>>> print(open('target_0.csv').read())   # CSV, C-alpha atoms
chain,number,residue,atom,x,y,z
A,20,MET,CA,128.0,4.0,-112.2
A,21,LYS,CA,127.3,5.3,-108.6
A,22,ALA,CA,125.4,8.5,-108.4
A,23,LEU,CA,123.7,10.4,-105.5
A,24,ARG,CA,120.1,11.2,-106.5
A,25,TRP,CA,117.5,13.4,-104.9
A,26,HIS,CA,114.2,11.5,-104.5
A,27,GLY,CA,112.5,13.7,-101.9
A,28,VAL,CA,113.0,15.6,-98.7
A,29,LYS,CA,115.6,13.8,-96.5
A,30,ASP,CA,115.6,11.1,-99.2
A,31,VAL,CA,118.8,11.1,-101.2
A,32,ARG,CA,120.2,7.7,-102.4
A,33,VAL,CA,123.4,6.4,-103.9
A,34,ASP,CA,121.9,4.7,-107.0
A,35,ASN,CA,123.4,2.6,-109.8
A,36,ILE,CA,122.6,4.4,-113.0
A,37,GLU,CA,123.9,4.3,-116.6
A,38,GLU,CA,127.1,6.2,-117.3
A,39,PRO,CA,126.7,9.3,-119.5
A,40,ALA,CA,128.0,9.3,-123.0
A,41,ALA,CA,130.2,11.8,-124.8
A,42,LEU,CA,127.5,12.7,-127.4
A,43,LYS,CA,128.0,15.4,-130.1
A,44,GLY,CA,129.4,18.6,-128.5
A,45,LYS,CA,129.8,17.0,-125.1
A,46,VAL,CA,132.7,16.2,-122.9
A,47,LYS,CA,132.8,13.2,-120.6
A,48,ILE,CA,134.5,13.9,-117.3
A,49,LYS,CA,135.7,11.6,-114.5
A,50,ILE,CA,134.8,13.3,-111.2
A,51,GLU,CA,137.5,13.9,-108.7
A,52,TRP,CA,135.9,16.1,-106.0
A,53,CYS,CA,132.5,17.7,-105.6
A,54,GLY,CA,131.6,20.2,-102.8
A,55,ILE,CA,128.4,20.2,-100.9
A,56,CYS,CA,126.7,23.6,-101.5
A,57,GLY,CA,124.3,25.4,-99.3
A,58,SER,CA,121.7,24.9,-102.0
A,59,ASP,CA,122.3,21.1,-101.9
A,60,LEU,CA,121.7,21.2,-98.2
A,61,HIS,CA,118.5,23.2,-98.6
A,62,GLU,CA,117.3,20.6,-101.2
A,63,TYR,CA,118.1,17.8,-98.8
A,64,ALA,CA,116.5,19.3,-95.8
A,65,ALA,CA,113.5,21.2,-97.3
A,66,GLY,CA,113.3,20.7,-101.0
A,67,PRO,CA,112.3,20.8,-103.7
A,68,ILE,CA,113.6,24.4,-104.3
A,69,PHE,CA,115.5,24.3,-107.6
A,70,ILE,CA,114.8,20.7,-108.4
A,71,SER,CA,111.8,20.0,-110.6
A,72,GLN,CA,109.7,17.3,-108.9
A,73,ASN,CA,106.3,17.2,-110.7
A,74,SER,CA,107.1,18.4,-114.2
A,75,PRO,CA,110.3,18.3,-116.2
A,76,HIS,CA,112.7,21.3,-116.2
A,77,PRO,CA,112.2,23.3,-119.5
A,78,LEU,CA,115.9,23.1,-120.5
A,79,THR,CA,116.9,19.6,-119.4
A,80,ASN,CA,113.5,17.8,-119.7
A,81,GLU,CA,114.3,16.0,-116.4
A,82,LYS,CA,112.5,15.8,-113.1
A,83,ALA,CA,113.2,14.0,-109.8
A,84,PRO,CA,115.0,11.8,-109.2
A,85,VAL,CA,118.0,13.8,-110.4
A,86,VAL,CA,121.8,13.5,-109.7
A,87,MET,CA,123.0,16.2,-107.4
A,88,GLY,CA,126.2,18.2,-107.2
A,89,HIS,CA,127.3,21.3,-109.1
A,90,GLU,CA,130.7,22.3,-107.5
A,91,PHE,CA,133.1,19.8,-109.0
A,92,SER,CA,136.4,19.1,-110.7
A,93,GLY,CA,137.6,16.2,-112.8
A,94,GLN,CA,139.5,14.9,-115.8
A,95,VAL,CA,138.3,14.6,-119.3
A,96,VAL,CA,138.2,10.9,-120.4
A,97,GLU,CA,136.4,11.3,-123.8
A,98,VAL,CA,135.2,14.0,-126.1
A,99,GLY,CA,132.2,13.9,-128.5
A,100,GLU,CA,132.0,14.8,-132.1
A,101,GLY,CA,132.6,18.5,-132.8
A,102,VAL,CA,134.6,19.2,-129.6
A,103,THR,CA,137.7,21.1,-130.5
A,104,LYS,CA,138.9,23.0,-127.4
A,105,LEU,CA,139.3,20.0,-125.0
A,106,LYS,CA,140.9,16.5,-125.1
A,107,ALA,CA,141.2,13.4,-123.0
A,108,GLY,CA,143.5,14.1,-120.1
A,109,ASP,CA,142.6,17.7,-119.6
A,110,ARG,CA,142.0,18.8,-116.0
A,111,VAL,CA,138.7,20.7,-115.8
A,112,VAL,CA,135.9,22.3,-113.9
A,113,VAL,CA,132.3,22.9,-115.1
A,114,GLU,CA,130.4,26.1,-115.1
A,115,PRO,CA,127.0,24.5,-114.3
A,116,ILE,CA,124.5,27.0,-115.7
A,117,PHE,CA,121.9,26.0,-118.2
A,118,ALA,CA,120.5,29.0,-120.2
A,119,CYS,CA,118.0,29.1,-123.1
A,120,GLY,CA,120.0,31.5,-125.2
A,121,LYS,CA,116.8,33.2,-126.5
A,122,CYS,CA,115.2,35.2,-123.7
A,123,THR,CA,115.8,38.9,-123.1
A,124,ALA,CA,118.5,38.2,-120.5
A,125,CYS,CA,120.3,35.7,-122.7
A,126,ARG,CA,120.2,38.1,-125.7
A,127,GLN,CA,121.9,40.7,-123.5
A,128,GLY,CA,124.6,38.2,-122.5
A,129,LYS,CA,123.3,37.9,-118.9
A,130,TYR,CA,122.9,34.2,-119.0
A,131,ASN,CA,122.7,33.8,-115.3
A,132,LEU,CA,119.4,35.8,-115.4
A,133,CYS,CA,117.9,33.5,-118.0
A,134,GLU,CA,114.1,33.1,-117.4
A,135,LYS,CA,114.5,29.4,-117.7
A,136,MET,CA,117.9,29.1,-115.9
A,137,GLY,CA,118.8,25.9,-114.2
A,138,PHE,CA,121.9,24.3,-112.6
A,139,LEU,CA,123.5,21.1,-113.7
A,140,GLY,CA,123.2,19.0,-110.5
A,141,LEU,CA,119.9,20.5,-109.6
A,142,ALA,CA,117.8,20.8,-112.8
A,143,GLY,CA,119.2,17.6,-114.3
A,144,GLY,CA,122.0,16.9,-116.8
A,145,GLY,CA,123.9,14.8,-114.3
A,146,GLY,CA,125.8,16.0,-111.3
A,147,GLY,CA,129.1,16.0,-109.5
A,148,PHE,CA,128.0,13.5,-106.8
A,149,SER,CA,128.7,10.7,-109.3
A,150,GLU,CA,131.5,8.9,-111.1
A,151,TYR,CA,131.1,10.7,-114.4
A,152,VAL,CA,129.4,13.7,-116.0
A,153,ALA,CA,128.9,14.6,-119.6
A,154,ALA,CA,128.7,18.4,-120.1
A,155,ASP,CA,128.5,20.7,-123.1
A,156,GLU,CA,131.9,21.9,-124.3
A,157,HIS,CA,131.1,25.6,-123.6
A,158,MET,CA,130.5,24.8,-119.9
A,159,VAL,CA,133.9,23.3,-119.4
A,160,HIS,CA,137.0,25.2,-118.2
A,161,LYS,CA,140.5,23.9,-118.0
A,162,ILE,CA,142.5,24.3,-114.8
A,163,PRO,CA,146.3,24.4,-114.7
A,164,ASP,CA,148.4,21.8,-113.0
A,165,SER,CA,149.1,24.3,-110.2
A,166,VAL,CA,145.4,24.2,-109.2
A,167,SER,CA,144.6,21.0,-107.4
A,168,PHE,CA,141.4,19.0,-108.0
A,169,GLU,CA,140.3,19.9,-104.5
A,170,GLN,CA,140.8,23.6,-105.2
A,171,GLY,CA,139.0,23.1,-108.5
A,172,ALA,CA,135.9,22.0,-106.6
A,173,LEU,CA,135.9,25.5,-105.1
A,174,VAL,CA,135.9,27.4,-108.4
A,175,GLU,CA,132.1,27.5,-108.6
A,176,PRO,CA,131.4,28.9,-105.1
A,177,SER,CA,134.4,31.2,-105.5
A,178,ALA,CA,132.8,32.5,-108.7
A,179,VAL,CA,129.7,33.6,-106.7
A,180,ALA,CA,132.0,35.5,-104.3
A,181,LEU,CA,134.1,37.2,-106.9
A,182,TYR,CA,131.1,38.1,-109.0
A,183,ALA,CA,129.5,39.7,-105.9
A,184,VAL,CA,132.5,41.9,-105.4
A,185,ARG,CA,132.8,42.8,-109.1
A,186,GLN,CA,129.1,43.8,-109.3
A,187,SER,CA,129.3,45.9,-106.2
A,188,GLN,CA,130.7,49.5,-106.0
A,189,PHE,CA,133.8,48.3,-104.2
A,190,LYS,CA,137.0,50.0,-105.1
A,191,VAL,CA,140.6,49.3,-104.2
A,192,GLY,CA,141.4,50.5,-100.7
A,193,ASP,CA,137.8,50.5,-99.6
A,194,ARG,CA,136.6,49.1,-96.2
A,195,ALA,CA,134.1,46.3,-96.4
A,196,VAL,CA,132.0,44.3,-93.9
A,197,VAL,CA,130.7,40.7,-94.6
A,198,PHE,CA,127.7,39.6,-92.6
A,199,GLY,CA,127.9,35.8,-92.4
A,200,ALA,CA,131.1,33.7,-92.4
A,201,GLY,CA,129.8,30.5,-93.9
A,202,PRO,CA,131.4,29.1,-97.1
A,203,ILE,CA,130.3,31.9,-99.4
A,204,GLY,CA,131.0,34.6,-96.8
A,205,LEU,CA,134.5,33.3,-96.4
A,206,LEU,CA,135.0,33.3,-100.1
A,207,VAL,CA,133.7,36.9,-100.3
A,208,ILE,CA,136.5,37.8,-97.8
A,209,GLU,CA,139.0,36.1,-100.1
A,210,ALA,CA,137.6,38.0,-103.1
A,211,LEU,CA,137.8,41.3,-101.2
A,212,LYS,CA,141.5,40.6,-100.3
A,213,ALA,CA,142.2,39.9,-104.0
A,214,SER,CA,140.4,43.1,-104.9
A,215,GLY,CA,142.5,45.3,-102.6
A,216,ALA,CA,140.3,45.9,-99.5
A,217,SER,CA,142.1,47.9,-96.9
A,218,GLU,CA,140.0,46.5,-94.0
A,219,ILE,CA,137.5,43.6,-93.9
A,220,TYR,CA,135.1,43.1,-91.0
A,221,ALA,CA,133.3,39.7,-90.6
A,222,VAL,CA,130.1,39.6,-88.5
A,223,GLU,CA,129.5,36.0,-87.4
A,224,LEU,CA,127.9,34.3,-84.3
A,225,SER,CA,129.8,31.0,-84.7
A,226,ALA,CA,133.1,31.2,-82.9
A,227,GLU,CA,134.6,28.6,-85.3
A,228,ARG,CA,133.5,30.4,-88.4
A,229,ARG,CA,134.5,33.8,-87.0
A,230,ASN,CA,138.0,32.3,-86.2
A,231,LYS,CA,138.2,31.1,-89.8
A,232,ALA,CA,137.4,34.5,-91.1
A,233,GLU,CA,140.1,36.0,-88.9
A,234,GLU,CA,142.6,33.4,-90.3
A,235,LEU,CA,141.8,34.7,-93.7
A,236,GLY,CA,142.6,38.3,-92.6
A,237,ALA,CA,139.3,39.7,-91.5
A,238,ILE,CA,138.5,41.4,-88.2
A,239,GLY,CA,135.9,39.3,-86.5
A,240,LEU,CA,132.9,40.8,-84.7
A,241,ASN,CA,130.5,38.8,-82.5
A,242,PRO,CA,126.9,40.2,-82.8
A,243,ALA,CA,126.1,38.6,-79.4
A,244,GLU,CA,128.7,40.6,-77.6
A,245,VAL,CA,128.7,44.0,-79.4
A,246,ASP,CA,126.3,46.3,-81.2
A,247,VAL,CA,127.9,45.6,-84.6
A,248,VAL,CA,126.5,48.6,-86.3
A,249,GLN,CA,127.9,51.0,-83.7
A,250,GLU,CA,131.2,49.1,-83.6
A,251,ILE,CA,131.6,49.2,-87.4
A,252,HIS,CA,130.9,52.9,-87.5
A,253,ARG,CA,133.4,53.4,-84.7
A,254,LEU,CA,136.1,51.3,-86.3
A,255,THR,CA,135.7,52.9,-89.7
A,256,ASP,CA,134.9,56.4,-88.6
A,257,GLY,CA,131.6,56.6,-90.3
A,258,GLY,CA,130.7,53.2,-91.8
A,259,ALA,CA,131.9,50.7,-94.3
A,260,ASP,CA,132.0,51.5,-98.0
A,261,VAL,CA,130.2,48.3,-98.9
A,262,ALA,CA,128.4,45.7,-96.8
A,263,TYR,CA,127.8,42.2,-98.1
A,264,GLU,CA,124.8,40.3,-96.7
A,265,VAL,CA,125.5,36.5,-96.8
A,266,THR,CA,123.1,35.2,-94.2
A,267,GLY,CA,119.6,35.4,-95.6
A,268,VAL,CA,118.3,36.5,-92.2
A,269,PRO,CA,115.9,39.5,-92.3
A,270,VAL,CA,117.2,41.3,-89.2
A,271,VAL,CA,120.8,41.1,-90.6
A,272,LEU,CA,119.8,42.9,-93.7
A,273,THR,CA,118.8,45.9,-91.6
A,274,GLN,CA,122.2,45.7,-89.8
A,275,ALA,CA,124.0,45.6,-93.1
A,276,ILE,CA,122.2,48.7,-94.3
A,277,GLU,CA,122.9,50.6,-91.2
A,278,SER,CA,126.6,49.6,-91.1
A,279,THR,CA,127.4,51.5,-94.3
A,280,LYS,CA,128.6,55.1,-94.6
A,281,LEU,CA,126.8,57.9,-96.4
A,282,SER,CA,126.2,56.8,-100.0
A,283,GLY,CA,127.5,53.4,-99.1
A,284,GLN,CA,126.3,50.2,-100.7
A,285,ILE,CA,124.7,46.9,-99.5
A,286,MET,CA,125.2,43.9,-101.8
A,287,ILE,CA,122.8,41.1,-101.1
A,288,VAL,CA,124.5,37.7,-101.9
A,289,SER,CA,122.2,35.3,-100.0
A,290,ILE,CA,118.8,33.8,-101.0
A,291,PHE,CA,116.1,34.8,-98.5
A,292,GLU,CA,113.4,32.2,-97.5
A,293,LYS,CA,111.2,34.9,-96.0
A,294,GLU,CA,110.4,38.6,-96.7
A,295,ALA,CA,112.7,41.1,-95.1
A,296,SER,CA,111.1,44.3,-93.7
A,297,ILE,CA,113.2,47.4,-94.1
A,298,HIS,CA,112.5,51.1,-93.5
A,299,PRO,CA,113.1,53.0,-96.8
A,300,ASN,CA,114.3,56.0,-94.9
A,301,ARG,CA,117.4,54.1,-93.9
A,302,ILE,CA,118.3,54.1,-97.5
A,303,VAL,CA,116.9,57.5,-98.6
A,304,MET,CA,118.2,59.7,-95.8
A,305,GLN,CA,121.8,58.4,-96.3
A,306,GLU,CA,121.6,58.1,-100.1
A,307,ARG,CA,122.6,54.4,-99.8
A,308,ASN,CA,122.4,51.9,-102.6
A,309,ILE,CA,121.1,48.3,-102.4
A,310,ALA,CA,122.0,45.7,-105.1
A,311,GLY,CA,121.8,41.9,-105.4
A,312,ILE,CA,123.4,39.1,-107.4
A,313,ILE,CA,122.4,35.6,-108.4
A,314,GLY,CA,125.1,33.1,-109.4
A,315,TYR,CA,127.7,34.6,-111.7
A,316,ARG,CA,128.6,35.2,-115.3
A,317,ASN,CA,131.9,35.4,-117.2
A,318,VAL,CA,134.0,35.0,-114.1
A,319,PHE,CA,135.3,31.4,-114.1
A,320,PRO,CA,138.6,32.3,-115.9
A,321,ALA,CA,139.3,35.1,-113.4
A,322,VAL,CA,138.7,32.8,-110.4
A,323,ILE,CA,141.0,30.1,-111.9
A,324,SER,CA,143.7,32.8,-112.5
A,325,LEU,CA,143.4,34.0,-108.9
A,326,MET,CA,143.6,30.4,-107.6
A,327,ASN,CA,146.9,30.1,-109.6
A,328,GLN,CA,148.1,33.1,-107.5
A,329,GLY,CA,147.2,31.4,-104.2
A,330,TYR,CA,143.7,32.8,-103.5
A,331,PHE,CA,140.7,30.6,-102.5
A,332,SER,CA,142.9,28.0,-100.9
A,333,ALA,CA,141.4,24.6,-100.4
A,334,GLU,CA,143.8,24.1,-97.4
A,335,LYS,CA,142.2,27.0,-95.6
A,336,LEU,CA,138.6,26.3,-96.5
A,337,VAL,CA,138.0,22.6,-96.8
A,338,THR,CA,137.2,21.1,-93.4
A,339,LYS,CA,136.3,17.5,-94.3
A,340,ARG,CA,136.8,15.0,-97.2
A,341,ILE,CA,134.4,12.0,-97.5
A,342,GLY,CA,133.4,9.3,-99.9
A,343,LEU,CA,130.1,9.2,-101.9
A,344,ASN,CA,128.7,6.4,-99.8
A,345,ASP,CA,129.1,8.5,-96.6
A,346,ILE,CA,127.5,11.7,-97.9
A,347,VAL,CA,124.3,11.6,-95.9
A,348,GLU,CA,125.6,11.1,-92.3
A,349,GLN,CA,129.1,12.6,-92.7
A,350,GLY,CA,128.0,15.3,-95.3
A,351,PHE,CA,124.5,16.7,-95.1
A,352,GLU,CA,123.7,15.7,-91.5
A,353,ALA,CA,127.1,17.0,-90.4
A,354,LEU,CA,126.6,20.3,-92.0
A,355,LEU,CA,123.2,20.6,-90.3
A,356,LYS,CA,124.6,19.8,-86.9
A,357,GLU,CA,128.2,20.9,-86.8
A,358,LYS,CA,128.9,24.6,-87.0
A,359,ASN,CA,132.6,24.1,-87.3
A,360,GLN,CA,132.2,22.7,-90.8
A,361,VAL,CA,132.9,25.0,-93.6
A,362,LYS,CA,133.3,23.2,-96.9
A,363,ILE,CA,132.9,19.4,-97.2
A,364,LEU,CA,134.3,17.7,-100.3
A,365,VAL,CA,133.0,14.4,-101.7
A,366,SER,CA,134.8,11.9,-103.9
A,367,PRO,CA,133.4,8.9,-105.7
A,368,ASN,CA,136.9,7.4,-105.5
A,369,LEU,CA,137.1,7.1,-101.7
>>> encode(input="target_0.csv", output="structure tokens")
Amino acid sequence: MKALRWHGVKDVRVDNIEEPAALKGKVKIKIEWCGICGSDLHEYAAGPIFISQNSPHPLTNEKAPVVMGHEFSGQVVEVGEGVTKLKAGDRVVVEPIFACGKCTACRQGKYNLCEKMGFLGLAGGGGGFSEYVAADEHMVHKIPDSVSFEQGALVEPSAVALYAVRQSQFKVGDRAVVFGAGPIGLLVIEALKASGASEIYAVELSAERRNKAEELGAIGLNPAEVDVVQEIHRLTDGGADVAYEVTGVPVVLTQAIESTKLSGQIMIVSIFEKEASIHPNRIVMQERNIAGIIGYRNVFPAVISLMNQGYFSAEKLVTKRIGLNDIVEQGFEALLKEKNQVKILVSPNL
């Protein structure tokens, strides 16, 4: 089958590899759509980050080259021995987290914090940028007919957004500010809408992304034109209840902290490549709270249910659809160069 594999920095190739088999406890899935994630882009441009290059990953026993792609949907074509909850023909998505099941985090049910945690499509185990994947039954979730395969490819990133809101102190009727209107930031806006936010502010330099945030119902703020901290305090009469940092830019973290009210919260959603310097008094003197999340846990069913109600719409968020053979120039390179792109979906069938 065709599969996009990471070999090195700026070296990803559509290779011909053996189709995976539906072994005991596994489900073989024909891929329909797979989204290009920010982490995929980082691996392409500056990896390895999550990909094991020199020694095998402890849970998959695989190292580069590995098949990429972890935001995908498809249809079950075969089930292995012992699989009872799924059958051929089921429309599904995969929750792509590998966890050891034995460490302290896993014993507490916090499998996304597993000390050996890896992602299918980065740590091995196959990936969505291919024709087929074989995944463990417990990782596979059914989607209803009302949720398209394109929307199904958004379940994984939407899970990050919904989990961020769930883990924060946000309450129905609160006012929130989202710093960064890239794909995850836009999905956080959707999650806040679903959670009953009274006002959502989106801080974003890119006019295209800021417009997209406004289309989703947020109030857009351009940090090149206004002092966003002062403006948020003015508009909210004292600061936002919760600020979500989704840029990974150190100076923005300070803005996020200062944009919140007394005893407000800052939820860090992004991964930082550099240390971020903050003055502790900005937290202490206002009794603010800072928290962070990585990935998600136990949230896929809720995301799928919200999609069934019309949230996390592919029509609003997908800006491009391409075939697997075009993924480098029209996918990775386009995302690096074109700020108007939000979510690009890839299909092995085009």
>>> atom_distance(input="target_0.csv", atom1="atom CA of Lys21 of chain A", atom2="atom CA of Pro367 of chain A")
7.7 Å
>>> closest_residue(input="target_0.csv", among="A:Val222, A:Leu141, A:Ile309, A:Ala232", to="Lys335 of chain A", atoms="only C-alpha atoms")
A:Ala232
>>> closest_residue(input="target_0.csv", among="A:Ala64, A:Ala40, A:Val248, A:Ile50", to="Val111 of chain A", atoms="only C-alpha atoms")
A:Ile50
>>> residues_around(input="target_0.csv", residues="segment 249-260 of chain A", least_positions_apart="6", cutoff="12 Å", atoms="only C-alpha atoms", output="MDAnalysis selection string")
chainID A and resid 187:198 216:222 238:242 274:286 305 307:308
>>> write_last_selection(input="target_0.csv", atoms="C-alpha atoms", output="compact mmCIF listing (two decimals), keeping the file's coordinate frame")
# COMPACT_ATOMS: atom_id res chain seq x y z
CA SER A 187 129.30 45.90 -106.20
CA GLN A 188 130.70 49.50 -106.00
CA PHE A 189 133.80 48.30 -104.20
CA LYS A 190 137.00 50.00 -105.10
CA VAL A 191 140.60 49.30 -104.20
CA GLY A 192 141.40 50.50 -100.70
CA ASP A 193 137.80 50.50 -99.60
CA ARG A 194 136.60 49.10 -96.20
CA ALA A 195 134.10 46.30 -96.40
CA VAL A 196 132.00 44.30 -93.90
CA VAL A 197 130.70 40.70 -94.60
CA PHE A 198 127.70 39.60 -92.60
CA ALA A 216 140.30 45.90 -99.50
CA SER A 217 142.10 47.90 -96.90
CA GLU A 218 140.00 46.50 -94.00
CA ILE A 219 137.50 43.60 -93.90
CA TYR A 220 135.10 43.10 -91.00
CA ALA A 221 133.30 39.70 -90.60
CA VAL A 222 130.10 39.60 -88.50
CA ILE A 238 138.50 41.40 -88.20
CA GLY A 239 135.90 39.30 -86.50
CA LEU A 240 132.90 40.80 -84.70
CA ASN A 241 130.50 38.80 -82.50
CA PRO A 242 126.90 40.20 -82.80
CA GLN A 274 122.20 45.70 -89.80
CA ALA A 275 124.00 45.60 -93.10
CA ILE A 276 122.20 48.70 -94.30
CA GLU A 277 122.90 50.60 -91.20
CA SER A 278 126.60 49.60 -91.10
CA THR A 279 127.40 51.50 -94.30
CA LYS A 280 128.60 55.10 -94.60
CA LEU A 281 126.80 57.90 -96.40
CA SER A 282 126.20 56.80 -100.00
CA GLY A 283 127.50 53.40 -99.10
CA GLN A 284 126.30 50.20 -100.70
CA ILE A 285 124.70 46.90 -99.50
CA MET A 286 125.20 43.90 -101.80
CA GLN A 305 121.80 58.40 -96.30
CA ARG A 307 122.60 54.40 -99.80
CA ASN A 308 122.40 51.90 -102.60
>>> atom_distance(input="target_0.csv", atom1="atom CA of Leu78 of chain A", atom2="atom CA of Ala118 of chain A")
7.5 Å
>>> closest_residue(input="target_0.csv", among="A:Lys106, A:Lys121, A:His298, A:Lys358", to="Val46 of chain A", atoms="all atoms listed in the file")
A:Lys106
>>> closest_atom_pairs(input="target_0.csv", of="segment 69-121 of chain A", to="segment 151-170 of chain A", cutoff="8 Å", atoms="all atoms listed in the file", output="Markdown table")
| residue | atom | partner | partner_atom | distance |
| --- | --- | --- | --- | --- |
| A:Ser92 | CA | A:Phe168 | CA | 5.7 |
| A:Gly93 | CA | A:Phe168 | CA | 6.7 |
| A:Val102 | CA | A:Glu156 | CA | 6.5 |
| A:Lys104 | CA | A:Glu156 | CA | 7.7 |
| A:Leu105 | CA | A:Glu156 | CA | 7.7 |
| A:Asp109 | CA | A:Lys161 | CA | 6.7 |
| A:Arg110 | CA | A:Ile162 | CA | 5.7 |
| A:Val111 | CA | A:Lys161 | CA | 4.3 |
| A:Val112 | CA | A:His160 | CA | 5.3 |
| A:Val113 | CA | A:Val159 | CA | 4.6 |
| A:Glu114 | CA | A:Met158 | CA | 5.0 |
| A:Pro115 | CA | A:Met158 | CA | 6.6 |
| A:Ile116 | CA | A:Met158 | CA | 7.6 |
>>> write_last_selection(input="target_0.csv", atoms="C-alpha atoms", output="PDB file, keeping the file's coordinate frame")
ATOM      1  CA  SER A  92     136.400  19.100-110.700  1.00  0.00           C
ATOM      2  CA  GLY A  93     137.600  16.200-112.800  1.00  0.00           C
ATOM      3  CA  VAL A 102     134.600  19.200-129.600  1.00  0.00           C
ATOM      4  CA  LYS A 104     138.900  23.000-127.400  1.00  0.00           C
ATOM      5  CA  LEU A 105     139.300  20.000-125.000  1.00  0.00           C
ATOM      6  CA  ASP A 109     142.600  17.700-119.600  1.00  0.00           C
ATOM      7  CA  ARG A 110     142.000  18.800-116.000  1.00  0.00           C
ATOM      8  CA  VAL A 111     138.700  20.700-115.800  1.00  0.00           C
ATOM      9  CA  VAL A 112     135.900  22.300-113.900  1.00  0.00           C
ATOM     10  CA  VAL A 113     132.300  22.900-115.100  1.00  0.00           C
ATOM     11  CA  GLU A 114     130.400  26.100-115.100  1.00  0.00           C
ATOM     12  CA  PRO A 115     127.000  24.500-114.300  1.00  0.00           C
ATOM     13  CA  ILE A 116     124.500  27.000-115.700  1.00  0.00           C
TER      14      ILE A 116
END
>>> closest_residue(input="target_0.csv", among="A:Glu90, A:Glu51, A:Glu38, A:Asp30", to="Leu369 of chain A", atoms="all atoms listed in the file")
A:Glu51
>>> atom_distance(input="target_0.csv", atom1="atom CA of Pro269 of chain A", atom2="atom CA of Ile203 of chain A")
17.8 Å
>>> closest_residue(input="target_0.csv", among="A:Tyr130, A:Val318, A:Leu272, A:Gly140", to="Ile297 of chain A", atoms="all atoms listed in the file")
A:Leu272
>>> closest_residue(input="target_0.csv", among="A:Gln94, A:Gln72, A:Ser214, A:Thr123", to="Ala142 of chain A", atoms="only C-alpha atoms")
A:Gln72
>>> residues_around(input="target_0.csv", residues="Ser289 of chain A", least_positions_apart="3", cutoff="8 Å", atoms="only C-alpha atoms", output="PDB file with C-alpha atoms, keeping the file's coordinate frame")
ATOM      1  CA  GLU A 264     124.800  40.300 -96.700  1.00  0.00           C
ATOM      2  CA  VAL A 265     125.500  36.500 -96.800  1.00  0.00           C
ATOM      3  CA  THR A 266     123.100  35.200 -94.200  1.00  0.00           C
ATOM      4  CA  GLY A 267     119.600  35.400 -95.600  1.00  0.00           C
TER       5      GLY A 267
END
>>> decode(input="target_0.csv", residues="segment 248-278 of chain A", atoms="C-alpha atoms", output="PDB file, in the first residue's frame")
ATOM      1  CA  VAL A 248      -4.318  43.460  27.442  1.00  0.00           C
ATOM      2  CA  GLN A 249      -5.791  46.929  27.925  1.00  0.00           C
ATOM      3  CA  GLU A 250      -8.488  46.264  25.339  1.00  0.00           C
ATOM      4  CA  ILE A 251      -9.576  42.988  26.945  1.00  0.00           C
ATOM      5  CA  HIS A 252      -9.739  44.648  30.376  1.00  0.00           C
ATOM      6  CA  ARG A 253     -11.796  47.475  28.874  1.00  0.00           C
ATOM      7  CA  LEU A 254     -14.196  45.187  27.034  1.00  0.00           C
ATOM      8  CA  THR A 255     -14.678  42.832  29.976  1.00  0.00           C
ATOM      9  CA  ASP A 256     -14.580  45.450  32.741  1.00  0.00           C
ATOM     10  CA  GLY A 257     -11.694  43.843  34.582  1.00  0.00           C
ATOM     11  CA  GLY A 258     -10.321  40.958  32.552  1.00  0.00           C
ATOM     12  CA  ALA A 259     -11.313  37.598  31.109  1.00  0.00           C
ATOM     13  CA  ASP A 260     -12.290  34.731  33.384  1.00  0.00           C
ATOM     14  CA  VAL A 261     -10.003  32.315  31.521  1.00  0.00           C
ATOM     15  CA  ALA A 262      -7.291  32.878  28.912  1.00  0.00           C
ATOM     16  CA  TYR A 263      -6.171  30.047  26.627  1.00  0.00           C
ATOM     17  CA  GLU A 264      -2.595  30.283  25.294  1.00  0.00           C
ATOM     18  CA  VAL A 265      -2.396  28.501  21.928  1.00  0.00           C
ATOM     19  CA  THR A 266       0.643  30.091  20.251  1.00  0.00           C
ATOM     20  CA  GLY A 267       3.702  28.760  22.074  1.00  0.00           C
ATOM     21  CA  VAL A 268       5.251  32.255  21.893  1.00  0.00           C
ATOM     22  CA  PRO A 269       6.846  33.387  25.201  1.00  0.00           C
ATOM     23  CA  VAL A 270       5.718  37.038  25.045  1.00  0.00           C
ATOM     24  CA  VAL A 271       2.138  35.918  24.407  1.00  0.00           C
ATOM     25  CA  LEU A 272       2.122  33.923  27.639  1.00  0.00           C
ATOM     26  CA  THR A 273       2.716  37.170  29.544  1.00  0.00           C
ATOM     27  CA  GLN A 274      -0.150  38.811  27.639  1.00  0.00           C
ATOM     28  CA  ALA A 275      -2.409  35.878  28.460  1.00  0.00           C
ATOM     29  CA  ILE A 276      -1.591  36.179  32.157  1.00  0.00           C
ATOM     30  CA  GLU A 277      -2.202  39.920  32.246  1.00  0.00           C
ATOM     31  CA  SER A 278      -5.469  39.674  30.287  1.00  0.00           C
TER      32      SER A 278
END
